[in-house]
>>> print(open('my_file_36.cif').read())   # mmCIF, C-alpha atoms
data_final
loop_
_atom_site.group_PDB
_atom_site.id
_atom_site.type_symbol
_atom_site.label_atom_id
_atom_site.label_comp_id
_atom_site.auth_asym_id
_atom_site.auth_seq_id
_atom_site.Cartn_x
_atom_site.Cartn_y
_atom_site.Cartn_z
ATOM 1 C CA MET A 801 -86.493 -0.816 -85.563
ATOM 2 C CA LYS A 802 -84.841 -3.241 -83.175
ATOM 3 C CA GLU A 803 -82.350 -5.763 -84.498
ATOM 4 C CA VAL A 804 -83.617 -9.296 -85.026
ATOM 5 C CA GLU A 805 -81.959 -11.961 -82.901
ATOM 6 C CA GLU A 806 -80.648 -15.088 -84.616
ATOM 7 C CA GLY A 807 -83.292 -17.822 -84.566
ATOM 8 C CA MET A 808 -86.067 -15.429 -83.517
ATOM 9 C CA PRO A 809 -89.016 -14.853 -85.828
ATOM 10 C CA ASN A 810 -89.425 -11.698 -87.829
ATOM 11 C CA PHE A 811 -92.728 -9.841 -87.770
ATOM 12 C CA TRP A 812 -94.558 -8.540 -90.824
ATOM 13 C CA VAL A 813 -97.657 -6.847 -92.152
ATOM 14 C CA PHE A 814 -99.062 -8.500 -95.287
ATOM 15 C CA ASN A 815 -101.440 -6.279 -97.240
ATOM 16 C CA ILE A 816 -104.398 -7.693 -99.164
ATOM 17 C CA GLY A 817 -106.589 -5.975 -101.699
ATOM 18 C CA THR A 818 -105.782 -3.155 -104.059
ATOM 19 C CA ALA A 819 -106.653 0.513 -104.417
ATOM 20 C CA ARG A 820 -109.544 -0.555 -106.673
ATOM 21 C CA GLN A 821 -110.611 -3.675 -104.797
ATOM 22 C CA ALA A 822 -110.726 -3.701 -101.005
ATOM 23 C CA PRO A 823 -111.352 -7.028 -99.303
ATOM 24 C CA PRO A 824 -115.058 -7.840 -98.965
ATOM 25 C CA GLU A 825 -116.468 -8.273 -95.453
ATOM 26 C CA ASP A 826 -116.408 -12.045 -95.930
ATOM 27 C CA TRP A 827 -112.870 -11.929 -97.336
ATOM 28 C CA LEU A 828 -111.917 -15.499 -96.351
ATOM 29 C CA ALA A 829 -114.948 -16.949 -98.149
ATOM 30 C CA ALA A 830 -114.604 -14.681 -101.190
ATOM 31 C CA TRP A 831 -110.822 -14.998 -101.430
ATOM 32 C CA SER A 832 -110.440 -18.546 -100.132
ATOM 33 C CA HIS A 833 -106.745 -18.816 -101.029
ATOM 34 C CA HIS A 834 -106.113 -16.520 -98.047
ATOM 35 C CA THR A 835 -107.047 -19.337 -95.662
ATOM 36 C CA GLY A 836 -103.531 -20.674 -96.201
ATOM 37 C CA GLN A 837 -101.470 -18.467 -98.490
ATOM 38 C CA MET A 838 -100.528 -14.907 -99.323
ATOM 39 C CA TRP A 839 -100.088 -13.872 -102.966
ATOM 40 C CA PHE A 840 -97.451 -11.316 -104.010
ATOM 41 C CA PRO A 841 -96.998 -9.240 -107.198
ATOM 42 C CA PRO A 842 -94.005 -9.777 -109.504
ATOM 43 C CA THR A 843 -92.206 -6.658 -108.289
ATOM 44 C CA LYS A 844 -92.673 -7.433 -104.571
ATOM 45 C CA ARG A 845 -91.207 -10.917 -104.134
ATOM 46 C CA PRO A 846 -91.288 -11.496 -100.359
ATOM 47 C CA THR A 847 -87.572 -11.918 -99.695
ATOM 48 C CA GLY A 848 -86.544 -12.013 -96.072
ATOM 49 C CA VAL A 849 -89.751 -13.759 -94.955
ATOM 50 C CA SER A 850 -89.206 -17.322 -93.743
ATOM 51 C CA ALA A 851 -90.824 -20.215 -91.911
ATOM 52 C CA GLY A 852 -91.702 -19.368 -88.314
ATOM 53 C CA ASP A 853 -92.150 -15.656 -88.981
ATOM 54 C CA ARG A 854 -95.412 -14.100 -87.817
ATOM 55 C CA ALA A 855 -97.530 -11.645 -89.766
ATOM 56 C CA VAL A 856 -100.689 -9.627 -89.416
ATOM 57 C CA ILE A 857 -102.898 -9.142 -92.466
ATOM 58 C CA HIS A 858 -104.115 -5.646 -93.273
ATOM 59 C CA GLY A 859 -106.924 -4.937 -95.743
ATOM 60 C CA SER A 860 -106.727 -2.110 -98.267
ATOM 61 C CA GLY A 861 -109.404 0.556 -98.480
ATOM 62 C CA SER A 862 -109.398 1.223 -94.731
ATOM 63 C CA ARG A 863 -110.614 -2.312 -93.992
ATOM 64 C CA GLY A 864 -108.214 -2.569 -91.060
ATOM 65 C CA PHE A 865 -106.325 -5.501 -89.612
ATOM 66 C CA LEU A 866 -107.984 -8.828 -90.351
ATOM 67 C CA ALA A 867 -105.797 -11.746 -89.286
ATOM 68 C CA VAL A 868 -102.705 -13.163 -87.636
ATOM 69 C CA VAL A 869 -100.686 -15.880 -89.384
ATOM 70 C CA GLU A 870 -97.547 -17.969 -88.952
ATOM 71 C CA VAL A 871 -95.473 -18.423 -92.107
ATOM 72 C CA ILE A 872 -94.754 -22.061 -92.981
ATOM 73 C CA SER A 873 -93.007 -21.563 -96.364
ATOM 74 C CA THR A 874 -89.233 -21.671 -96.246
ATOM 75 C CA GLU A 875 -89.057 -19.317 -99.240
ATOM 76 C CA PRO A 876 -91.374 -17.725 -101.823
ATOM 77 C CA GLU A 877 -92.947 -20.296 -104.153
ATOM 78 C CA PRO A 878 -94.389 -19.950 -107.661
ATOM 79 C CA ASN A 879 -98.158 -19.433 -107.553
ATOM 80 C CA PRO A 880 -99.807 -22.767 -108.459
ATOM 81 C CA THR A 881 -103.213 -21.294 -109.372
ATOM 82 C CA GLU A 882 -104.704 -22.490 -112.640
ATOM 83 C CA ASP A 883 -105.998 -18.963 -113.292
ATOM 84 C CA ASP A 884 -103.506 -17.550 -115.821
ATOM 85 C CA GLU A 885 -104.411 -13.936 -115.023
ATOM 86 C CA GLY A 886 -104.038 -14.533 -111.280
ATOM 87 C CA ARG A 887 -100.710 -16.313 -111.718
ATOM 88 C CA HIS A 888 -99.413 -13.496 -113.943
ATOM 89 C CA ARG A 889 -100.528 -10.742 -111.549
ATOM 90 C CA TRP A 890 -99.539 -12.622 -108.368
ATOM 91 C CA PRO A 891 -96.666 -14.983 -109.309
ATOM 92 C CA TRP A 892 -95.304 -15.515 -105.773
ATOM 93 C CA ILE A 893 -96.907 -17.071 -102.714
ATOM 94 C CA LEU A 894 -96.028 -17.757 -99.122
ATOM 95 C CA ARG A 895 -97.919 -20.469 -97.285
ATOM 96 C CA TYR A 896 -99.052 -19.830 -93.733
ATOM 97 C CA ARG A 897 -101.093 -21.191 -90.874
ATOM 98 C CA LEU A 898 -104.050 -18.969 -90.005
ATOM 99 C CA LEU A 899 -104.017 -18.227 -86.257
ATOM 100 C CA LEU A 900 -106.836 -15.676 -85.918
ATOM 101 C CA ALA A 901 -109.143 -14.017 -88.430
ATOM 102 C CA ILE A 902 -112.092 -11.643 -88.290
ATOM 103 C CA ARG A 903 -114.476 -10.194 -90.860
ATOM 104 C CA ALA A 904 -113.493 -7.032 -92.708
ATOM 105 C CA ASP A 905 -116.218 -5.016 -91.021
ATOM 106 C CA ALA A 906 -116.518 -2.241 -88.443
ATOM 107 C CA HIS A 907 -114.861 -4.433 -85.788
ATOM 108 C CA ALA A 908 -111.538 -4.667 -87.673
ATOM 109 C CA PRO A 909 -108.900 -2.508 -85.937
ATOM 110 C CA SER A 910 -107.786 0.507 -87.945
ATOM 111 C CA LEU A 911 -104.277 1.878 -88.281
ATOM 112 C CA GLU A 912 -105.290 4.648 -85.880
ATOM 113 C CA ARG A 913 -106.597 2.131 -83.335
ATOM 114 C CA VAL A 914 -103.161 0.484 -83.077
ATOM 115 C CA ASP A 915 -101.291 3.822 -83.151
ATOM 116 C CA TRP A 916 -99.596 3.032 -86.451
ATOM 117 C CA PRO A 917 -96.873 5.678 -86.782
ATOM 118 C CA ASN A 918 -97.043 6.341 -90.534
ATOM 119 C CA PRO A 919 -100.145 5.129 -92.431
ATOM 120 C CA LYS A 920 -98.534 5.989 -95.774
ATOM 121 C CA SER A 921 -95.813 3.417 -95.057
ATOM 122 C CA LEU A 922 -98.252 0.646 -96.008
ATOM 123 C CA ARG A 923 -99.350 2.111 -99.332
ATOM 124 C CA ARG A 924 -98.319 0.074 -102.346
ATOM 125 C CA GLN A 925 -96.403 -2.366 -100.167
ATOM 126 C CA SER A 926 -97.230 -6.058 -100.220
ATOM 127 C CA HIS A 927 -95.289 -6.695 -97.031
ATOM 128 C CA VAL A 928 -93.610 -4.526 -94.421
ATOM 129 C CA ARG A 929 -91.388 -5.628 -91.548
ATOM 130 C CA ILE A 930 -92.524 -4.487 -88.101
ATOM 131 C CA ASP A 931 -91.136 -4.905 -84.609
ATOM 132 C CA ARG A 932 -92.474 -7.290 -81.978
ATOM 133 C CA GLU A 933 -94.134 -4.451 -80.041
ATOM 134 C CA MET A 934 -96.256 -3.419 -83.041
ATOM 135 C CA TYR A 935 -97.058 -7.064 -83.809
ATOM 136 C CA GLU A 936 -98.291 -7.597 -80.251
ATOM 137 C CA ARG A 937 -100.276 -4.342 -80.327
ATOM 138 C CA VAL A 938 -102.087 -5.412 -83.505
ATOM 139 C CA CYS A 939 -102.682 -8.943 -82.126
ATOM 140 C CA GLY A 940 -104.194 -7.460 -78.965
ATOM 141 C CA ALA A 941 -106.471 -5.199 -81.004
ATOM 142 C CA LEU A 942 -107.574 -8.168 -83.140
ATOM 143 C CA LEU A 943 -108.365 -10.252 -80.057
ATOM 144 C CA GLU A 944 -110.406 -7.381 -78.638
ATOM 145 C CA ALA A 945 -112.197 -6.942 -81.975
ATOM 146 C CA ALA A 946 -113.024 -10.673 -82.120
ATOM 147 C CA THR A 947 -114.390 -10.536 -78.580
ATOM 148 C CA ASN A 948 -116.532 -7.506 -79.414
ATOM 149 C CA ALA A 949 -117.782 -9.134 -82.616
ATOM 150 C CA ILE A 950 -119.071 -12.247 -80.807
ATOM 151 C CA SER A 951 -120.473 -10.469 -77.767
ATOM 152 C CA VAL A 952 -124.229 -10.450 -77.532
ATOM 153 C CA PRO A 953 -125.625 -6.922 -77.058
#
>>> encode(input="my_file_36.cif", output="structure tokens")
Amino acid sequence: MKEVEEGMPNFWVFNIGTARQAPPEDWLAAWSHHTGQMWFPPTKRPTGVSAGDRAVIHGSGSRGFLAVVEVISTEPEPNPTEDDEGRHRWPWILRYRLLLAIRADAHAPSLERVDWPNPKSLRRQSHVRIDREMYERVCGALLEAATNAISVP
């Protein structure tokens, strides 16, 4: 991986869903907190992620890449949800600005579609740092997927 220049954003993959619960096709409606924040488990506090960083969101269960976001949190924050179980399971959040999102359906770009080098590298990881080239490759695939999804046959 290339070194990060001072003052330049870092690039990340944020994973949503679990092995037992992949994101539904209408993931933003069903999991509305994802319109502005990412939740993290207690053992995966998102250190190293800061305001201005960019991330792509990947859905578990082969759902593919679903969104592009810009982090606005300066550091991880305690989860403010009133759901005790949710707060216990996902105690950390990062706030972000949603830049692009698509449904978790057949249009969502797969790991293979973006030539992801090691699919196992995303397993059981809440967030993974990537280089700018991979970030741009995923963004391009998401833009293409959005275009295909809205095209009239």
>>> resolve_selection(input="my_file_36.cif", expression="the PyMOL selection byres ((chain A and resi 897) around 8)", output="list in words")
Thr835, Gly836, Val869, Glu870, Val871, Ile872, Arg895, Tyr896, Leu898 and Leu899 of chain A
>>> resolve_selection(input="my_file_36.cif", expression="the PyMOL selection byres ((chain A and resi 909-918) around 10)", output="count of residues only")
30
>>> residues_near_point(input="my_file_36.cif", point="(-108.5, -4.1, -101.7)", cutoff="9 Å", atoms="all atoms listed in the file", output="list in words")
Asn815, Ile816, Gly817, Thr818, Ala819, Arg820, Gln821, Ala822, Pro823, Pro824, Gly859, Ser860, Gly861, Ser862 and Arg863 of chain A
>>> atom_distance(input="my_file_36.cif", atom1="CA of Glu875 (chain A)", atom2="CA of Asp853 (chain A)")
11.3 Å
>>> residues_around(input="my_file_36.cif", residues="Arg889 (chain A)", least_positions_apart="3", cutoff="7 Å", atoms="only C-alpha atoms", output="list of chain:residue names")
A:Pro841, A:Pro842, A:Glu885, A:Gly886
>>> atom_distance(input="my_file_36.cif", atom1="CA of Asn879 (chain A)", atom2="CA of Pro891 (chain A)")
5.0 Å
>>> closest_residue(input="my_file_36.cif", among="A:Val868, A:Ala901, A:Gln925, A:Gln837", to="Thr947 (chain A)", atoms="all atoms listed in the file")
A:Ala901
>>> atom_distance(input="my_file_36.cif", atom1="CA of Trp827 (chain A)", atom2="CA of Ala949 (chain A)")
15.8 Å
>>> closest_residue(input="my_file_36.cif", among="A:Val952, A:Trp831, A:Pro809, A:Asp883", to="Val849 (chain A)", atoms="only C-alpha atoms")
A:Pro809
>>> axis_aligned_box(input="my_file_36.cif", around="region 858-870 of chain A", padding_each_side="6 Å", output="AutoDock Vina command-line options")
--center_x -104.1 --center_y -8.4 --center_z -93.1 --size_x 25.1 --size_y 31.2 --size_z 22.8
>>> closest_atom_pairs(input="my_file_36.cif", of="region 874-933 of chain A", to="region 810-814 of chain A", cutoff="7 Å", atoms="all atoms listed in the file", output="CSV")
residue,atom,partner,partner_atom,distance
A:Ser926,CA,A:Phe814,CA,5.8
A:His927,CA,A:Phe814,CA,4.5
A:Val928,CA,A:Val813,CA,5.2
A:Arg929,CA,A:Trp812,CA,4.4
A:Ile930,CA,A:Trp812,CA,5.3
A:Asp931,CA,A:Phe811,CA,6.1
A:Arg932,CA,A:Phe811,CA,6.3
>>> resolve_selection(input="my_file_36.cif", expression="the PyMOL selection byres ((chain A and resi 877) around 8)", output="tab-separated table (two decimals) with C-alpha atoms, in the frame of the given file")
chain	number	residue	atom	x	y	z
A	873	SER	CA	-93.01	-21.56	-96.36
A	875	GLU	CA	-89.06	-19.32	-99.24
A	876	PRO	CA	-91.37	-17.73	-101.82
A	878	PRO	CA	-94.39	-19.95	-107.66
A	879	ASN	CA	-98.16	-19.43	-107.55
A	892	TRP	CA	-95.30	-15.52	-105.77
A	893	ILE	CA	-96.91	-17.07	-102.71
A	894	LEU	CA	-96.03	-17.76	-99.12
>>> residues_around(input="my_file_36.cif", residues="Gly807 (chain A)", least_positions_apart="5", cutoff="12 Å", atoms="all atoms listed in the file", output="PyMOL selection string")
chain A and resi 850-853
>>> closest_residue(input="my_file_36.cif", among="A:Thr874, A:Ile857, A:Trp890, A:Asp826", to="Trp839 (chain A)", atoms="only C-alpha atoms")
A:Trp890
